[in-house]
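Just below is one structure, and these are the notes that go with it.
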Amino acid sequence: MNQTATGDKGMSLTTKVLIGMGAGFLLGVILNALQIQAINTHFVSGFLGMIGRMFVNALSMLVVPLVFFSLICGVAGIGDIRILGRVGGKSFGLYLLTTATAIAVAIVMALVVGPGNGFVMEGVDTAGVTAREAPSVWETFAAIVPRNPVAAFAGGEMLQIIFYTIILGVAALMLGERSKPFVEACEYMNELMMKVVQIVMAFAPIGVFCLICKTFTEQGIGLFIPVLTYVLVLVAALLLHLFGTLMLYLKVFSGLSPIIFLKKIRPAQIFAFSTASSNATIPVTLRCVTERMGVNNSVASFTVPFGATINMDGTAIMQGVATVFLANVYGIDLGLGGYLTVIAMAVLASIGTAGVPGVGLVMLTMVLSQVGLPLEGIALILGVDRLMDMIRTAVNISGDAVVTTIVAKTEGQIDMAAYLDPDTGERVDDNLEIDPAVEAELARYAKPH
């Protein structure tokens, strides 16, 4: 019998990932200080970069099939189109509320502290900074409906995938009993994809180590000094939103304990920090909210991928702080109207922007061009953006989980016993052993008769 099932807990996967993260940070800082060209080129950028990219690709590989099959099962599990509409409406409203609150808090904090006052620009490389035209509200919503579902799946267009899958699930509901084989097949595929997630996650400590080591070897800590006030205000605003605003919303709208929530969402936060991608973290976030918090898959399968696409709390906070910082650097007074425009633009841009690394800077060009700030100023924060992206992605997925939990609680779709039990869903080593008896039985069925 497996030892982990008999009481020998061993080391949890989360602990292993934290150890990998800490080791990667220490080695990265040391290698950055040494600056040995051969090691940085071949070992860090080459080997570690390859392993880290393979891990992120493996997580991203899971997203589209996992979202599709999980969402089909979720729609079938709800069984009532009106309830589905209510879940969608609540999710959309709460995501917009948290994003708008996030950037408003960030702007107020930045205006009080005043990052960028007295900043002297020297040797800033402003090449290659170009604006992206902001889409209109109508274009944003029109783009949700895919012209070609196959292209949407191939391109990972999450909003279009969600829209198409919901339509497919609703059509299956309308066909009634005839859809039973289809739904059962999707339920099997959903379980199969969760097993693939389990396999990929077994390599997480190694992947996280490589990602963190490469980041800190290349970036170092010295980049923070010229823009220290910007970094400090941004980190403070992110932490205030995570531990203050989001936890307040969780308590007010659901009555659930924020302390339990923060403990149970920690694995997803770690992976979000490591990958800097909300989309790549979807499989981990789904596991946390369903297995650890007891949220029914019928809710989580919709709200988590939906939030990973449209809920950009951390990114909105960055845009707010960066806008104030650059306005102070250039001595431009945006006024109340300018900052209200920033809030509106950030909320709008977050709806149709993919949850992938570096997308915050693309969104920032839209905001700056809208309020008339020089795009060249983005070069001032380029150096620290990768590390800031890691933190704000952890905040992004925390917002996804908060809204998911609130919606599930208000819909009666959460197992409170599982939520309150601190050990529910706590994984030690995922059992990846293949039972010889099961293997032999499967082989017998697979042989031609």
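In the structure tokens, the first chain shown is A, the next is B, and so on; residue numbers restart at 1 for each chain, and ligands run from 1 in the order shown.
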Just want the 9 Å neighbourhood of Ile19 of chain A, counted on only C-alpha atoms, with same-chain residues fewer than 4 positions away dropped. Output as a ChimeraX atom specification.
/A:14-15,23-24,205,209
With a distance cut-off of 12 Å and only C-alpha atoms, select the neighbouring residues of Tyr249 of chain A, excluding the residue or stretch itself and same-chain residues fewer than 5 positions from it, and output the selection as a PDB file with C-alpha atoms, in the first residue's frame.
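Wrote out-v7.pdb, looks like this:
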```pdb
ATOM      1  CA  LEU A  94     -18.201  41.021  -9.465  1.00  0.00           C
ATOM      2  CA  TYR A  95     -15.207  40.883 -11.805  1.00  0.00           C
ATOM      3  CA  LEU A  97     -16.392  45.598  -9.457  1.00  0.00           C
ATOM      4  CA  THR A  98     -13.102  44.138  -8.187  1.00  0.00           C
ATOM      5  CA  THR A 101     -11.984  48.989  -7.101  1.00  0.00           C
ATOM      6  CA  ALA A 102      -8.421  47.754  -7.577  1.00  0.00           C
ATOM      7  CA  HIS A 241      -5.993  44.766  -2.565  1.00  0.00           C
ATOM      8  CA  LEU A 242      -5.205  41.098  -1.941  1.00  0.00           C
ATOM      9  CA  PHE A 243      -5.399  41.105   1.853  1.00  0.00           C
ATOM     10  CA  GLY A 244      -7.765  44.055   2.245  1.00  0.00           C
ATOM     11  CA  SER A 254     -20.276  35.285   1.331  1.00  0.00           C
ATOM     12  CA  GLY A 255     -19.612  35.378   5.075  1.00  0.00           C
ATOM     13  CA  LEU A 256     -16.723  32.916   4.606  1.00  0.00           C
ATOM     14  CA  SER A 257     -13.442  33.073   6.520  1.00  0.00           C
ATOM     15  CA  PRO A 258     -10.714  34.979   4.618  1.00  0.00           C
ATOM     16  CA  GLY A 399      -9.515  37.654  -7.454  1.00  0.00           C
ATOM     17  CA  ALA A 401     -10.960  32.487  -6.748  1.00  0.00           C
ATOM     18  CA  VAL A 402     -12.692  35.068  -4.531  1.00  0.00           C
ATOM     19  CA  VAL A 403     -15.438  35.700  -7.102  1.00  0.00           C
ATOM     20  CA  THR A 404     -15.788  31.947  -7.735  1.00  0.00           C
ATOM     21  CA  THR A 405     -16.219  31.296  -4.020  1.00  0.00           C
ATOM     22  CA  ILE A 406     -18.714  34.146  -3.574  1.00  0.00           C
ATOM     23  CA  VAL A 407     -20.842  33.011  -6.521  1.00  0.00           C
TER      24      VAL A 407
END
```
Å distance separating atom CA of Leu192 of chain A from atom CA of Leu66 of chain A, one decimal place:
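Value for the atom CA of Leu192 of chain A-atom CA of Leu66 of chain A distance: 9.2 Å.
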So the first atom is atom CA of Val67 of chain A and the second is atom CA of Met345 of chain A; what is the distance between them in Å, to one decimal place?
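Between atom CA of Val67 of chain A and atom CA of Met345 of chain A the gap is 27.9 Å.
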Which of segment 138-259 of chain A fall in alpha helix (DSSP H), as a PyMOL selection string
chain A and resi 138-142+149-155+158-175+180-201+204-219+228-240+246-254+258-259
Among listed residues A:Phe163, A:Phe261, A:Tyr230, A:Phe253, nearest Gly116 of chain A (using only C-alpha atoms)
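So, comparing all the options, the nearest one is A:Tyr230.
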Go through segment 172-243 of chain A residue by residue and, counting only C-alpha atoms, keep those with an atom at most 7 Å from segment 105-115 of chain A; for each kept residue give the shortest atom pair and its distance in Å to one decimal, ordered by chain and increasing number, as a Markdown table.
```
| residue | atom | partner | partner_atom | distance |
| --- | --- | --- | --- | --- |
| A:Thr229 | CA | A:Pro115 | CA | 5.2 |
| A:Tyr230 | CA | A:Pro115 | CA | 5.4 |
| A:Val233 | CA | A:Ala110 | CA | 6.5 |
| A:Ala237 | CA | A:Ala106 | CA | 5.5 |
```
Write the residues of the preceding selection, restricted to C-alpha atoms, as a short mmCIF file (atom, residue, chain, number, x, y, z; two decimals), in the first residue's frame.
```cif
data_model
loop_
_atom_site.label_atom_id
_atom_site.label_comp_id
_atom_site.auth_asym_id
_atom_site.auth_seq_id
_atom_site.Cartn_x
_atom_site.Cartn_y
_atom_site.Cartn_z
CA THR A 229 9.25 54.37 -5.11
CA TYR A 230 7.24 52.98 -8.04
CA VAL A 233 3.88 51.72 -4.05
CA ALA A 237 -1.19 48.50 -3.51
#
```
For Gly338 of chain A, find every residue with an atom within 7 Å (counting only C-alpha atoms), except residues of its own chain fewer than 4 positions away, and show them as a VMD selection string.
chain A and resid 334 342 371
Could you give me, as JSON lines, every segment 22-136 of chain A residue with an atom at most 9 Å from segment 147-156 of chain A, plus its closest atom pair and distance in Å to one decimal, counting only C-alpha atoms, rows ordered by chain then number?
```
{"residue": "A:Val63", "atom": "CA", "partner": "A:Gly156", "partner_atom": "CA", "distance": 8.4}
{"residue": "A:Val64", "atom": "CA", "partner": "A:Gly156", "partner_atom": "CA", "distance": 6.6}
{"residue": "A:Pro65", "atom": "CA", "partner": "A:Phe153", "partner_atom": "CA", "distance": 8.9}
```
Generate a file of the selected residues that holds C-alpha atoms, formatted as a PDB file, in the first residue's frame.
```
ATOM      1  CA  VAL A  63      -5.982  24.826 -20.466  1.00  0.00           C
ATOM      2  CA  VAL A  64      -8.163  24.557 -23.586  1.00  0.00           C
ATOM      3  CA  PRO A  65      -9.225  20.881 -23.263  1.00  0.00           C
TER       4      PRO A  65
END
```
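Taking atom CA of Gly307 of chain A and atom CA of Met158 of chain A as the two end points, the separation is 10.0 Å.
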Pick out the residues sitting within 12 Å of Asn297 of chain A, and hand them over as a PDB file with N, CA and C atoms, in the first residue's frame; count only C-alpha atoms, and ignore anything fewer than 5 positions along from it in its own chain.
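Wrote it out as result27.pdb, contents follow:
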```pdb
ATOM      1  N   LEU A  66      -9.118  21.261 -20.845  1.00  0.00           N
ATOM      2  CA  LEU A  66      -9.662  21.225 -19.489  1.00  0.00           C
ATOM      3  C   LEU A  66     -10.865  22.152 -19.362  1.00  0.00           C
ATOM      4  N   VAL A  67     -10.746  23.366 -19.902  1.00  0.00           N
ATOM      5  CA  VAL A  67     -11.851  24.326 -19.844  1.00  0.00           C
ATOM      6  C   VAL A  67     -13.044  23.794 -20.636  1.00  0.00           C
ATOM      7  N   PHE A  69     -13.998  20.582 -21.557  1.00  0.00           N
ATOM      8  CA  PHE A  69     -14.697  19.438 -20.965  1.00  0.00           C
ATOM      9  C   PHE A  69     -15.281  19.778 -19.596  1.00  0.00           C
ATOM     10  N   SER A  70     -14.544  20.556 -18.812  1.00  0.00           N
ATOM     11  CA  SER A  70     -15.043  20.934 -17.491  1.00  0.00           C
ATOM     12  C   SER A  70     -16.281  21.813 -17.610  1.00  0.00           C
ATOM     13  N   LEU A  71     -16.277  22.721 -18.576  1.00  0.00           N
ATOM     14  CA  LEU A  71     -17.413  23.626 -18.747  1.00  0.00           C
ATOM     15  C   LEU A  71     -18.637  22.894 -19.293  1.00  0.00           C
ATOM     16  N   ILE A  72     -18.436  21.956 -20.199  1.00  0.00           N
ATOM     17  CA  ILE A  72     -19.559  21.140 -20.676  1.00  0.00           C
ATOM     18  C   ILE A  72     -20.200  20.400 -19.497  1.00  0.00           C
ATOM     19  N   CYS A  73     -19.355  19.803 -18.652  1.00  0.00           N
ATOM     20  CA  CYS A  73     -19.872  19.102 -17.469  1.00  0.00           C
ATOM     21  C   CYS A  73     -20.560  20.065 -16.518  1.00  0.00           C
ATOM     22  N   GLY A  74     -20.011  21.273 -16.402  1.00  0.00           N
ATOM     23  CA  GLY A  74     -20.607  22.271 -15.518  1.00  0.00           C
ATOM     24  C   GLY A  74     -21.978  22.710 -15.985  1.00  0.00           C
ATOM     25  N   VAL A  75     -22.116  22.980 -17.286  1.00  0.00           N
ATOM     26  CA  VAL A  75     -23.410  23.392 -17.838  1.00  0.00           C
ATOM     27  C   VAL A  75     -24.433  22.269 -17.677  1.00  0.00           C
ATOM     28  N   ALA A  76     -24.004  21.028 -17.968  1.00  0.00           N
ATOM     29  CA  ALA A  76     -24.908  19.890 -17.811  1.00  0.00           C
ATOM     30  C   ALA A  76     -25.279  19.683 -16.349  1.00  0.00           C
ATOM     31  N   GLY A  77     -24.304  19.953 -15.455  1.00  0.00           N
ATOM     32  CA  GLY A  77     -24.550  19.776 -14.035  1.00  0.00           C
ATOM     33  C   GLY A  77     -25.519  20.800 -13.475  1.00  0.00           C
ATOM     34  N   ILE A  78     -25.468  22.020 -13.984  1.00  0.00           N
ATOM     35  CA  ILE A  78     -26.419  23.048 -13.545  1.00  0.00           C
ATOM     36  C   ILE A  78     -27.827  22.667 -13.971  1.00  0.00           C
ATOM     37  N   GLU A 187     -17.570  13.869 -19.246  1.00  0.00           N
ATOM     38  CA  GLU A 187     -17.222  13.640 -17.844  1.00  0.00           C
ATOM     39  C   GLU A 187     -15.969  12.769 -17.738  1.00  0.00           C
ATOM     40  N   ASN A 190     -13.037  14.901 -18.772  1.00  0.00           N
ATOM     41  CA  ASN A 190     -12.704  15.847 -17.706  1.00  0.00           C
ATOM     42  C   ASN A 190     -11.850  15.175 -16.633  1.00  0.00           C
ATOM     43  N   GLU A 191     -12.248  13.942 -16.245  1.00  0.00           N
ATOM     44  CA  GLU A 191     -11.448  13.189 -15.272  1.00  0.00           C
ATOM     45  C   GLU A 191     -10.062  12.871 -15.839  1.00  0.00           C
ATOM     46  N   THR A 285      -5.745  26.646 -10.273  1.00  0.00           N
ATOM     47  CA  THR A 285      -6.823  27.389  -9.621  1.00  0.00           C
ATOM     48  C   THR A 285      -8.086  26.539  -9.521  1.00  0.00           C
ATOM     49  N   LEU A 286      -8.400  25.822 -10.594  1.00  0.00           N
ATOM     50  CA  LEU A 286      -9.567  24.936 -10.576  1.00  0.00           C
ATOM     51  C   LEU A 286      -9.452  23.878  -9.487  1.00  0.00           C
ATOM     52  N   ARG A 287      -8.272  23.302  -9.359  1.00  0.00           N
ATOM     53  CA  ARG A 287      -8.066  22.293  -8.322  1.00  0.00           C
ATOM     54  C   ARG A 287      -8.231  22.886  -6.930  1.00  0.00           C
ATOM     55  N   CYS A 288      -7.712  24.077  -6.731  1.00  0.00           N
ATOM     56  CA  CYS A 288      -7.800  24.706  -5.405  1.00  0.00           C
ATOM     57  C   CYS A 288      -9.254  24.979  -5.011  1.00  0.00           C
ATOM     58  N   VAL A 289     -10.036  25.580  -5.917  1.00  0.00           N
ATOM     59  CA  VAL A 289     -11.398  25.973  -5.555  1.00  0.00           C
ATOM     60  C   VAL A 289     -12.344  24.781  -5.478  1.00  0.00           C
ATOM     61  N   THR A 290     -12.097  23.741  -6.279  1.00  0.00           N
ATOM     62  CA  THR A 290     -12.999  22.590  -6.240  1.00  0.00           C
ATOM     63  C   THR A 290     -12.584  21.586  -5.169  1.00  0.00           C
ATOM     64  N   GLU A 291     -11.313  21.200  -5.148  1.00  0.00           N
ATOM     65  CA  GLU A 291     -10.874  20.164  -4.225  1.00  0.00           C
ATOM     66  C   GLU A 291     -10.599  20.692  -2.819  1.00  0.00           C
ATOM     67  N   PHE A 302     -16.971  27.486 -14.997  1.00  0.00           N
ATOM     68  CA  PHE A 302     -17.304  28.704 -15.742  1.00  0.00           C
ATOM     69  C   PHE A 302     -16.535  29.910 -15.221  1.00  0.00           C
ATOM     70  N   THR A 303     -16.571  30.125 -13.904  1.00  0.00           N
ATOM     71  CA  THR A 303     -16.047  31.370 -13.334  1.00  0.00           C
ATOM     72  C   THR A 303     -14.526  31.470 -13.378  1.00  0.00           C
ATOM     73  N   VAL A 304     -13.813  30.342 -13.230  1.00  0.00           N
ATOM     74  CA  VAL A 304     -12.344  30.408 -13.196  1.00  0.00           C
ATOM     75  C   VAL A 304     -11.754  30.781 -14.557  1.00  0.00           C
ATOM     76  N   THR A 404     -15.277  33.320  -7.606  1.00  0.00           N
ATOM     77  CA  THR A 404     -15.788  31.947  -7.735  1.00  0.00           C
ATOM     78  C   THR A 404     -16.410  31.474  -6.433  1.00  0.00           C
ATOM     79  N   THR A 405     -15.733  31.734  -5.332  1.00  0.00           N
ATOM     80  CA  THR A 405     -16.219  31.296  -4.020  1.00  0.00           C
ATOM     81  C   THR A 405     -17.488  32.047  -3.628  1.00  0.00           C
ATOM     82  N   ALA A 408     -20.383  30.721  -5.782  1.00  0.00           N
ATOM     83  CA  ALA A 408     -20.755  29.377  -5.337  1.00  0.00           C
ATOM     84  C   ALA A 408     -21.532  29.426  -4.022  1.00  0.00           C
ATOM     85  N   GLN A 413     -23.713  26.280  -3.979  1.00  0.00           N
ATOM     86  CA  GLN A 413     -22.922  25.301  -4.719  1.00  0.00           C
ATOM     87  C   GLN A 413     -21.536  25.127  -4.105  1.00  0.00           C
ATOM     88  N   ILE A 414     -21.455  25.141  -2.772  1.00  0.00           N
ATOM     89  CA  ILE A 414     -20.184  24.951  -2.087  1.00  0.00           C
ATOM     90  C   ILE A 414     -20.391  24.003  -0.914  1.00  0.00           C
ATOM     91  N   ASP A 415     -19.450  23.080  -0.742  1.00  0.00           N
ATOM     92  CA  ASP A 415     -19.483  22.132   0.364  1.00  0.00           C
ATOM     93  C   ASP A 415     -18.804  22.792   1.562  1.00  0.00           C
TER      94      ASP A 415
END
```
Rank nothing, just name the residue among A:Ala346, A:Ile381, A:Val56, A:Val183 nearest to Met201 of chain A, using only C-alpha atoms.
A:Val56
